[in-house]
Every structure is written in C-alpha cells, then in structure tokens.
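The next block is upload.cif, given as mmCIF, C-alpha atoms.
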```
data_protein
#
loop_
_atom_site.label_atom_id
_atom_site.label_comp_id
_atom_site.auth_asym_id
_atom_site.auth_seq_id
_atom_site.Cartn_x
_atom_site.Cartn_y
_atom_site.Cartn_z
CA MET A 1 83.63 150.46 98.19
CA ALA A 2 87.41 150.58 98.03
CA TYR A 3 87.51 147.31 99.95
CA LEU A 4 85.10 145.68 97.52
CA LYS A 5 87.22 146.90 94.63
CA SER A 6 90.31 145.24 96.07
CA ALA A 7 88.22 142.14 96.82
CA ASP A 8 87.18 142.06 93.16
CA ILE A 9 90.82 142.08 92.13
CA ALA A 10 91.66 139.37 94.67
CA TYR A 11 88.75 137.31 93.39
CA ASP A 12 90.00 137.47 89.81
CA ARG A 13 93.47 136.41 90.90
CA VAL A 14 92.12 133.49 92.90
CA TYR A 15 89.98 132.44 89.95
CA GLU A 16 93.01 132.34 87.67
CA ALA A 17 95.19 130.60 90.24
CA HIS A 18 92.74 128.03 91.61
CA TRP A 19 90.01 127.27 89.09
CA SER A 20 91.93 124.20 88.00
CA ASP A 21 92.38 123.03 91.62
CA VAL A 22 88.67 123.39 92.29
CA PHE A 23 87.74 121.64 89.05
CA ARG A 24 90.03 118.68 89.74
CA PHE A 25 88.67 118.38 93.28
CA ALA A 26 85.10 118.42 91.96
CA LEU A 27 86.04 115.91 89.26
CA ALA A 28 87.48 113.56 91.85
CA TRP A 29 84.38 113.85 94.02
CA THR A 30 81.81 113.45 91.25
CA ASN A 31 83.70 111.43 88.61
CA ASP A 32 81.55 113.44 86.17
CA TRP A 33 83.18 115.97 83.84
CA GLY A 34 80.11 118.14 83.27
CA ALA A 35 79.16 118.08 86.95
CA ALA A 36 82.68 119.11 87.92
CA GLU A 37 82.61 122.09 85.55
CA ASP A 38 79.26 123.07 87.00
CA LEU A 39 80.41 122.71 90.62
CA ALA A 40 83.56 124.75 89.99
CA GLN A 41 81.40 127.48 88.52
CA ASP A 42 79.04 127.42 91.51
CA ALA A 43 81.88 127.43 94.03
CA PHE A 44 83.28 130.59 92.47
CA VAL A 45 79.82 132.16 92.47
CA ARG A 46 79.75 131.51 96.23
CA LEU A 47 83.19 133.06 96.52
CA TRP A 48 82.04 136.09 94.58
CA ASN A 49 78.97 136.48 96.77
CA THR A 50 81.05 136.36 99.97
CA ARG A 51 84.07 138.27 98.72
CA GLY A 52 83.27 141.28 100.91
CA ARG A 53 83.39 139.19 104.08
CA LEU A 54 86.45 137.06 103.38
CA ASP A 55 89.89 137.58 104.85
CA TRP A 56 91.88 137.64 101.63
CA SER A 57 95.19 137.58 103.47
CA LYS A 58 94.58 133.89 104.26
CA PRO A 59 94.63 131.02 101.75
CA VAL A 60 91.29 130.79 99.97
CA LEU A 61 91.73 127.37 98.41
CA PRO A 62 90.64 125.36 101.51
CA TRP A 63 87.48 127.48 101.68
CA LEU A 64 86.81 126.82 98.00
CA LEU A 65 87.34 123.07 98.33
CA VAL A 66 85.13 122.72 101.42
CA THR A 67 82.45 124.75 99.66
CA THR A 68 82.74 122.56 96.58
CA ARG A 69 82.38 119.42 98.67
CA ARG A 70 79.31 120.78 100.40
CA LEU A 71 77.74 121.86 97.13
CA ALA A 72 78.43 118.43 95.68
CA THR A 73 77.05 116.64 98.73
CA ASP A 74 73.95 118.78 98.82
CA ARG A 75 73.34 118.37 95.13
CA PHE A 76 73.90 114.63 95.38
CA ARG A 77 71.26 114.44 98.10
CA ALA A 78 68.84 116.56 96.14
CA LEU A 79 69.15 114.40 93.09
CA LYS A 80 68.97 111.12 95.02
CA ARG A 81 71.57 109.50 92.81
CA ARG A 82 70.65 110.29 89.25
CA ILE A 83 69.70 107.30 87.17
CA ALA A 84 72.12 106.68 84.30
CA PRO A 85 74.09 109.89 84.67
CA ALA A 86 74.79 111.42 81.28
CA THR A 87 78.21 112.95 81.64
CA GLN A 88 78.82 115.96 79.43
CA THR A 89 82.26 116.13 77.89
CA GLU A 90 81.78 118.68 75.13
CA SER A 91 84.68 120.77 76.40
CA LEU A 92 87.08 117.84 75.92
CA ASP A 93 88.84 117.14 72.66
CA PRO A 94 88.02 113.71 71.18
CA GLY A 95 91.31 112.11 72.28
CA SER A 96 90.98 113.26 75.86
CA ARG A 97 87.30 112.28 75.88
CA ASP A 98 88.09 108.64 75.15
CA ARG A 99 90.84 108.66 77.74
CA TRP A 100 88.49 110.22 80.28
CA LEU A 101 85.82 107.59 79.69
CA ASP A 102 88.39 104.86 80.42
CA VAL A 103 89.70 106.57 83.53
CA SER A 104 86.29 107.46 84.91
CA ALA A 105 85.15 103.86 84.44
CA ALA A 106 88.18 102.67 86.42
CA MET A 107 87.42 105.18 89.19
CA ALA A 108 83.70 104.43 89.29
CA ASP A 109 83.99 101.71 91.92
CA LEU A 110 85.41 104.15 94.45
CA SER A 111 83.20 106.22 96.74
CA PRO A 112 83.46 110.02 96.44
CA LEU A 113 85.50 110.08 99.65
CA GLU A 114 87.87 107.33 98.48
CA ARG A 115 88.34 108.90 95.06
CA THR A 116 88.96 112.39 96.39
CA ALA A 117 91.19 111.15 99.19
CA ILE A 118 93.53 109.31 96.84
CA VAL A 119 93.55 112.12 94.27
CA MET A 120 94.35 114.74 96.89
CA THR A 121 97.12 112.77 98.55
CA ALA A 122 98.64 110.84 95.62
CA ILE A 123 98.25 113.43 92.84
CA GLU A 124 97.77 116.85 94.41
CA GLY A 125 100.36 116.26 97.13
CA ALA A 126 98.14 117.19 100.08
CA SER A 127 99.00 115.83 103.50
CA TYR A 128 96.56 113.50 105.23
CA ASP A 129 95.71 116.26 107.71
CA GLU A 130 95.05 118.81 104.96
CA ALA A 131 92.92 116.40 102.95
CA ALA A 132 91.03 115.29 106.07
CA HIS A 133 90.22 118.90 106.92
CA VAL A 134 88.88 119.62 103.45
CA LEU A 135 86.91 116.38 103.35
CA GLY A 136 85.45 116.86 106.82
CA THR A 137 86.82 113.67 108.29
CA SER A 138 89.65 112.48 110.54
CA ALA A 139 93.17 111.75 109.34
CA GLY A 140 92.66 108.12 110.35
CA ALA A 141 89.48 107.78 108.32
CA LEU A 142 91.18 109.46 105.39
CA ARG A 143 94.14 107.09 105.58
CA ALA A 144 91.70 104.16 105.55
CA ALA A 145 89.88 105.64 102.55
CA VAL A 146 93.15 105.99 100.62
CA SER A 147 94.02 102.41 101.43
CA ARG A 148 90.65 101.14 100.25
CA ALA A 149 90.92 103.22 97.09
CA ARG A 150 94.37 101.86 96.31
CA THR A 151 93.18 98.28 96.82
CA LYS A 152 90.19 98.78 94.54
CA LEU A 153 92.29 100.38 91.81
CA GLU A 154 94.83 97.58 91.95
CA THR A 155 92.18 94.90 91.52
CA PRO A 156 90.90 94.73 87.91
CA MET B 1 96.74 92.98 92.97
CA ASP B 2 98.73 95.10 90.60
CA PRO B 3 100.31 98.26 92.08
CA SER B 4 101.26 99.53 88.64
CA ARG B 5 97.58 99.48 87.65
CA SER B 6 96.58 102.02 90.29
CA ASN B 7 99.56 104.23 89.43
CA ARG B 8 98.67 104.11 85.75
CA ILE B 9 95.03 105.02 86.43
CA LEU B 10 96.05 107.92 88.65
CA ARG B 11 98.57 109.15 86.09
CA ASP B 12 95.93 109.05 83.35
CA TRP B 13 93.40 110.74 85.62
CA SER B 14 95.84 113.55 86.30
CA ALA B 15 96.70 113.99 82.62
CA VAL B 16 93.08 114.21 81.53
CA ALA B 17 92.05 116.43 84.44
CA ASN B 18 94.85 118.83 83.60
CA SER B 19 93.49 119.21 80.09
CA ALA B 20 90.38 120.98 81.42
CA ARG B 21 89.99 124.50 80.11
CA ARG B 22 89.15 127.27 82.53
CA PRO B 23 86.33 129.53 81.31
CA VAL B 24 87.91 132.85 80.37
CA VAL B 25 85.44 135.02 82.25
CA PRO B 26 85.12 134.47 86.01
CA PRO B 27 81.52 134.00 87.19
CA ARG B 28 80.14 137.03 88.98
CA GLY B 29 76.97 136.55 90.93
CA VAL B 30 74.72 134.64 88.56
CA VAL B 31 71.54 133.11 89.97
CA VAL B 32 72.32 130.01 92.03
CA ARG B 33 70.46 127.03 90.74
CA GLY B 34 68.74 125.55 93.73
CA GLY B 35 69.52 121.88 93.55
CA LEU B 36 68.81 121.03 89.95
CA PRO B 37 72.02 121.57 88.04
CA SER B 38 72.10 122.31 84.35
CA PHE B 39 74.04 119.18 83.54
CA THR B 40 71.12 116.88 84.24
CA PHE B 41 68.23 115.94 82.08
CA ALA B 42 66.08 116.96 85.04
CA GLY B 43 67.57 120.44 84.90
CA MET B 44 66.83 120.70 81.19
CA ALA B 45 63.31 119.39 81.77
CA VAL B 46 62.70 122.08 84.39
CA ALA B 47 63.98 124.76 82.01
CA ALA B 48 61.73 123.45 79.24
CA LEU B 49 58.76 123.35 81.62
CA ALA B 50 59.49 126.93 82.65
CA ILE B 51 59.31 128.02 79.00
CA VAL B 52 56.03 126.17 78.45
CA VAL B 53 54.49 127.69 81.59
CA ALA B 54 55.77 131.14 80.67
CA VAL B 55 54.29 130.86 77.17
CA ALA B 56 50.96 129.70 78.62
CA TRP B 57 51.06 132.55 81.13
CA LEU B 58 51.67 135.09 78.41
CA GLY B 59 48.89 133.54 76.33
CA THR B 60 46.32 134.19 79.05
CA ARG B 61 46.98 137.94 79.00
CA GLY B 62 44.73 140.25 77.05
CA PRO B 63 45.99 141.94 73.89
CA THR B 64 46.08 145.41 75.48
CA GLU B 65 47.86 144.28 78.61
CA SER B 66 51.51 145.10 78.77
CA VAL B 67 53.88 142.22 79.44
CA GLY B 68 56.38 144.65 80.85
CA SER B 69 59.85 143.20 81.00
CA ALA B 70 58.79 139.57 80.58
CA PRO B 71 60.99 137.81 78.07
CA PRO B 72 59.58 136.90 74.68
CA ALA B 73 58.50 133.31 74.23
CA SER B 74 61.63 132.68 72.22
CA ALA B 75 63.93 133.76 75.03
CA PRO B 76 66.75 131.30 75.59
CA ALA B 77 66.14 128.69 78.27
CA ALA B 78 69.38 129.56 80.00
CA SER B 79 68.22 133.08 80.85
CA PRO B 80 68.95 133.74 84.52
CA VAL B 81 65.66 135.64 84.82
CA ALA B 82 63.00 133.45 86.40
CA SER B 83 59.70 133.07 84.60
CA PRO B 84 56.66 134.54 86.40
CA SER B 85 55.36 131.16 87.52
CA THR B 86 58.66 129.66 88.61
CA PRO B 87 60.00 131.69 91.51
CA THR B 88 63.74 131.62 91.84
CA PRO B 89 64.70 129.23 94.64
CA GLY B 90 66.91 130.62 97.37
CA PRO B 91 70.55 129.64 97.64
CA THR B 92 71.06 126.07 98.81
CA LEU B 93 71.69 125.90 102.54
CA ALA B 94 75.01 124.23 103.29
CA PRO B 95 75.26 121.13 105.46
CA CYS B 96 76.44 121.88 108.98
CA ASP B 97 80.20 121.80 109.40
CA PRO B 98 80.94 119.26 112.17
CA ALA B 99 83.46 121.74 113.58
CA THR B 100 80.62 124.14 114.38
CA LEU B 101 78.40 121.54 116.05
CA ALA B 102 78.59 120.88 119.79
CA ALA B 103 77.07 117.65 121.08
CA ARG B 104 76.86 116.41 124.65
CA ILE B 105 75.27 113.55 126.55
CA LYS B 106 72.74 114.94 129.00
CA GLN B 107 71.80 111.64 130.60
CA TRP B 108 72.30 107.89 130.44
CA GLU B 109 69.39 105.56 131.16
CA GLY B 110 69.41 101.81 131.55
CA ALA B 111 66.77 99.58 129.98
CA ALA B 112 66.71 95.77 129.82
CA GLY B 113 70.24 95.11 128.62
CA SER B 114 70.56 98.45 126.89
CA ARG B 115 71.91 101.87 127.69
CA ILE B 116 70.16 104.89 126.27
CA ALA B 117 71.98 108.17 125.82
CA ASP B 118 69.97 111.37 125.81
CA VAL B 119 72.02 113.63 123.52
CA GLU B 120 71.65 117.25 122.57
CA LEU B 121 73.40 119.00 119.71
CA ARG B 122 73.79 122.74 119.22
CA ASN B 123 74.69 124.77 116.15
CA ALA B 124 77.58 126.77 117.56
CA GLY B 125 78.33 128.30 114.18
CA ALA B 126 77.32 131.73 112.93
CA THR B 127 75.22 130.62 109.97
CA ASP B 128 72.13 128.56 109.21
CA CYS B 129 72.90 125.04 108.06
CA THR B 130 71.25 121.67 107.52
CA LEU B 131 71.63 118.48 109.51
CA GLU B 132 70.57 115.00 108.48
CA ALA B 133 67.85 113.96 110.94
CA MET B 134 69.22 110.41 110.90
CA ASP B 135 72.96 109.75 110.97
CA ARG B 136 75.11 106.70 111.56
CA PRO B 137 75.42 106.40 115.35
CA GLN B 138 78.48 104.89 116.99
CA LEU B 139 79.41 103.97 120.53
CA VAL B 140 83.00 105.10 121.04
CA ASP B 141 85.43 105.04 123.92
CA GLY B 142 87.72 107.69 125.32
CA SER B 143 90.25 107.20 122.54
CA GLU B 144 87.43 107.47 119.96
CA SER B 145 87.80 103.79 119.06
CA ILE B 146 84.50 102.50 117.72
CA LEU B 147 82.92 99.94 120.06
CA ILE B 148 79.60 99.53 118.25
CA ASP B 149 79.05 100.83 114.73
CA GLY B 150 75.51 101.67 113.67
CA LYS B 151 73.98 101.39 110.24
CA ARG B 152 74.14 104.19 107.73
CA PRO B 153 70.58 105.39 107.06
CA THR B 154 69.38 104.84 103.52
CA SER B 155 67.82 108.29 103.43
CA SER B 156 67.17 111.08 105.86
CA PRO B 157 65.18 114.30 105.96
CA LEU B 158 67.11 117.46 106.69
CA VAL B 159 66.71 119.61 109.79
CA THR B 160 67.56 123.30 109.45
CA LEU B 161 69.59 124.71 112.33
CA LYS B 162 69.88 128.42 112.94
CA PRO B 163 72.82 129.64 115.02
CA GLY B 164 72.22 128.55 118.62
CA ASP B 165 69.47 126.05 117.73
CA VAL B 166 69.46 122.87 119.81
CA VAL B 167 68.17 119.46 118.72
CA SER B 168 67.96 116.26 120.75
CA THR B 169 67.95 112.54 120.15
CA LEU B 170 68.03 109.24 122.00
CA VAL B 171 70.68 106.66 121.14
CA GLN B 172 70.15 103.10 122.32
CA ALA B 173 73.15 100.75 122.50
CA SER B 174 72.88 97.07 123.42
CA ASN B 175 74.98 93.98 124.05
CA TYR B 176 78.61 95.08 124.04
CA CYS B 177 80.81 92.01 124.55
CA GLY B 178 84.11 93.40 123.31
CA ALA B 179 87.33 94.31 125.05
CA GLU B 180 87.42 96.64 128.01
CA PRO B 181 87.10 100.14 126.57
CA GLN B 182 89.11 103.16 127.56
CA PRO B 183 86.74 105.38 129.56
CA PRO B 184 84.74 107.46 129.17
CA VAL B 185 82.29 105.91 126.73
CA THR B 186 80.28 108.24 124.57
CA VAL B 187 78.45 108.34 121.25
CA SER B 188 79.32 109.86 117.90
CA PHE B 189 77.37 110.60 114.74
CA VAL B 190 78.73 110.10 111.24
CA PHE B 191 77.19 112.20 108.49
CA ASP B 192 76.58 111.19 104.92
CA ASP B 193 79.67 113.04 103.70
CA GLY B 194 81.95 111.36 106.26
CA GLY B 195 81.93 114.24 108.77
CA ARG B 196 81.66 113.21 112.39
CA VAL B 197 80.57 114.73 115.67
CA VAL B 198 81.55 113.15 118.98
CA ALA B 199 79.33 113.98 121.95
CA SER B 200 80.99 115.12 125.16
CA PRO B 201 80.57 112.35 127.73
CA LEU B 202 78.38 112.85 130.75
CA SER B 203 81.05 111.72 133.20
CA ALA B 204 84.48 110.12 133.26
CA THR B 205 82.96 106.78 134.25
CA ASP B 206 80.33 106.37 131.53
CA ALA B 207 80.26 102.67 130.64
CA THR B 208 79.18 100.31 127.89
CA PRO B 209 75.88 98.40 127.82
CA PRO B 210 76.07 94.94 129.40
CA CYS B 211 77.03 91.86 127.43
CA MET B 212 73.89 89.78 126.93
CA GLY B 213 75.65 87.02 125.02
CA SER B 214 78.39 87.08 122.43
CA GLY B 215 76.24 84.92 120.15
CA SER B 216 74.08 87.86 119.20
CA PRO B 217 75.44 91.05 117.68
CA ALA B 218 75.80 94.38 119.40
CA SER B 219 73.50 97.10 118.16
CA ILE B 220 73.14 100.85 118.25
CA ASP B 221 70.23 102.90 116.94
CA MET B 222 69.18 106.50 117.08
CA HIS B 223 65.94 108.45 116.96
CA PRO B 224 65.79 111.34 114.47
CA TRP B 225 67.15 114.66 115.69
CA SER B 226 64.25 116.85 116.75
CA LYS B 227 63.86 120.32 118.23
#
```
Could you take the file, read its structure, and then write that structure out as structure tokens?
Amino acid sequence: MAYLKSADIAYDRVYEAHWSDVFRFALAWTNDWGAAEDLAQDAFVRLWNTRGRLDWSKPVLPWLLVTTRRLATDRFRALKRRIAPATQTESLDPGSRDRWLDVSAAMADLSPLERTAIVMTAIEGASYDEAAHVLGTSAGALRAAVSRARTKLETP
Amino acid sequence: MDPSRSNRILRDWSAVANSARRPVVPPRGVVVRGGLPSFTFAGMAVAALAIVVAVAWLGTRGPTESVGSAPPASAPAASPVASPSTPTPGPTLAPCDPATLAARIKQWEGAAGSRIADVELRNAGATDCTLEAMDRPQLVDGSESILIDGKRPTSSPLVTLKPGDVVSTLVQASNYCGAEPQPPVTVSFVFDDGGRVVASPLSATDATPPCMGSGSPASIDMHPWSK
C-alpha cells in the first residue's frame, strides 16, 4: 500500500510534467485537436492502471509516448478512417482556433509518421534514435520520413 | 520549394500546440472506451443508442420490480456506468511491439522462378498483443537493404498473440534482377504503424530468387499469419 501511495504521488508529478508532451505528440500523430485531448487522457489512464508495476526511477515519457502511439494506431484501425472527421476545438480560444485550422490544413498532407517525425525532431528536439524508438521504426526510416515531411511542407 | 514555408508552419504548429490547457484533475482509472472515442459522431451515436436501449429495458420491467442501482432515464450519457444491455468492452489490446517479436525462416523452397520462405513468428513478450494478419513483406539482404518491397495491405484482420504464441506464414519472392546482395538474404515484415520485424535467416548463404527477365517486375507476397 505504501508503494502504491508513492506511485500515486509519482503519477501526479508525471501528469503535471508531461501532459503537454503527450498532448503534442498525439496532436502531431492525429492532426486532430479533440482526438489528441482524448488520447492524452487515455494514455494517462493506462499509466494510472499500471502505476503499481512501473519502475518510477526511470523516465516515464517514452512509455507514455509509445502507449499514445499504440492507442492512436489501434483507434485508427478500429474507426477505419473516419469520414469527414469533425475536429473538436472547444478548448481553444477563437484566435488560436483559426490559427490551428490553418496549421492543421497545412499538415494534413503528411502521414502520421511524417508529421510526428518532423515535430519530434524539429520542434521537440528529440534525436533521430529517440524518435525512432518511440515511433517503432528505424533511424533510417525516420530520417526519410522527416525528409519527406519537409519536402511536402515546403511545396504549397 | 520554399524552406521558410515549412519553418513557418512548424513555428505556428508549436505556438498553437503550446496553448493547449491541461485538465486540472489527472484521470484516475475511468472506464476505457473500447475503440469508439467520445470525439466521434459514432461515439455519440453509441452513447445515444445506449440511453435508448436502457430506457426501453427499464420500460419492460413491472411496476413493483426494483431497478436497483440502474441510472434514471435522464442520467447523463457520459456516465461511466454501462447500461444493462451494453456490456463494457474490455481494454483495447495493444499492437505487438516489434521488439518483443522473434521471427525466423524455418525453410526455403524453390518453385518455378520463385523462392518461398516458411517463416514463424513468436510473441517473446510478457503480454497479450495483436498482430496484423497481413503485413507488407520485404526481401532484404544482410545489411537490411530492401531488395524487393511488397505492397501494403489495404486492410487486415488482427491475430491475438499470447506470450509464447507462434504463428507461421509463407512468403513468396520472384524475379530479382538487381545488384548482388550482401548475404544472407531474409524477409522482413512492415506493420501498419511503421514497425518492422526482420526474420533471422536460415543460413549464411540464403540467396535471392532467380532473375526471370528484367522486363517484368520483381514481386513478393505473403500468406496471412496463422497459428
């Protein structure tokens, strides 16, 4: 019980420290604001449910990101590519909402892997090896995905 | 091509993403929605259907029969308590992590210009997971360079693997007319999410299928994984 109590405290700290990281990762993968909020929530539910078995002395963020990717992939399969996805942006203020619609449209041509690869390496500062591990691919494939993403973004 | 365009998009993406607001209360063990997330119309439709079914179910009960702890018909749709006729689905099983899958070629067979690899794959992890029955097969050489790249399946059923479960498949490769590969030749499988498993080769001298004419393309196909 004492261990679970300390795990509860560790969980709360990780939530405060990494919710934003998980959300941005999910946003990059899905390009859908509402879906990303939902996935971040579900990833932390998984973390809560496994908190008693985790080694909290090690970094938890890679675990959270891999879990988020798997949840997103599984959900994507289950939904078989939703027709006309209706992104929910209620939690955004009007100014940010308009900006998000522009940015998400620009990112829409990229695959989930390409989008997340370029966000992780160009914005979040992850190394190719770190990003490849989280995305379940090789560093070479990740490098190629970043290159493709950059080319697509540079071509209006 | 305009390099400043990609930088501007990424800068805007970062600015907007950073404006997200973290919910104040951390989630603690709510019911996992099994595949139909709340952000879809489908999810809302399921919730609405659950209410309708629950109301109908309550309506069939006699006036003296207790409804126990069943929620009133006006209970909010977002209640985590499942209605009597919609059992709560179990947690979604995660796709297998390629790092916990061990594949090996058990045998090579030759057939009319083709080589067929008999491959088995084992869940070496400690948890149940799901595997796509059809993946994108590749013929690769000893440096993992792709010699023949298969097609990505348009859809695939999922196979559930318990720890230690073994599944098998046959991979048929034909007409390789490329450069001399670095031995040994083997096969790999690319999953829908980009993950990849490379099968251990049968021997150090495993070779490519014969070139039947550079005018026709090389091909590689797989049977579905089966137990």
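In this structure, CA of Val140 in chain B sits 12.0 Å away from CA of Gly178 in chain B.
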Ground truth for the PyMOL selection byres ((chain A) within 7 of (chain B)), written as a PyMOL selection string = chain A and resi 12+15+19-20+24+34-35+41+44-45+48-49+70+73+75+78+96+100+103+123+136-137+150+153-155
Query - Minimum-distance residue to His133 in chain A, chosen among A:Val119, A:Leu65, A:Leu92, A:Ala72 (using all atoms listed in the file) - result: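 So, comparing all the options, the nearest one is A:Leu65.
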A straight line from CA of Met134 in chain B to CA of Leu113 in chain A spans 19.8 Å
Six-sided padding of 4 Å per side, axis-aligned box over range 13-26 of chain A, centre and edges in Å, one decimal, as lines of an AutoDock Vina configuration file:
```
center_x = 90.1
center_y = 127.4
center_z = 90.5
size_x = 18.1
size_y = 26.0
size_z = 13.6
```
- request: Report the distance between CA of Val185 in chain B and CA of Lys106 in chain B in Å, rounded to one decimal place.
  value: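 Straight-line distance from CA of Val185 in chain B to CA of Lys106 in chain B works out to 13.3 Å.
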Written as a ChimeraX atom specification, which residues does the PyMOL selection byres ((chain A and resi 25) around 9) give for the file shown? /A:20-24,26-30,36,40,65,68-69,116,119-120
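Near range 200-207 of chain B, within 7 Å and counting only C-alpha atoms, sit Ala103, Arg104, Ile105, Lys106, Gln107, Pro183, Pro184, Val185 and Thr186 of chain B; same-chain residues fewer than 3 positions away were not included.
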Write the residues of the selection above to a file with C-alpha atoms, as a PDB file, in the coordinates of the input.
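Dumped everything to result07.pdb:
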```pdb
ATOM      1  CA  ALA B 103      77.070 117.650 121.080  1.00  0.00           C
ATOM      2  CA  ARG B 104      76.860 116.410 124.650  1.00  0.00           C
ATOM      3  CA  ILE B 105      75.270 113.550 126.550  1.00  0.00           C
ATOM      4  CA  LYS B 106      72.740 114.940 129.000  1.00  0.00           C
ATOM      5  CA  GLN B 107      71.800 111.640 130.600  1.00  0.00           C
ATOM      6  CA  PRO B 183      86.740 105.380 129.560  1.00  0.00           C
ATOM      7  CA  PRO B 184      84.740 107.460 129.170  1.00  0.00           C
ATOM      8  CA  VAL B 185      82.290 105.910 126.730  1.00  0.00           C
ATOM      9  CA  THR B 186      80.280 108.240 124.570  1.00  0.00           C
TER      10      THR B 186
END
```
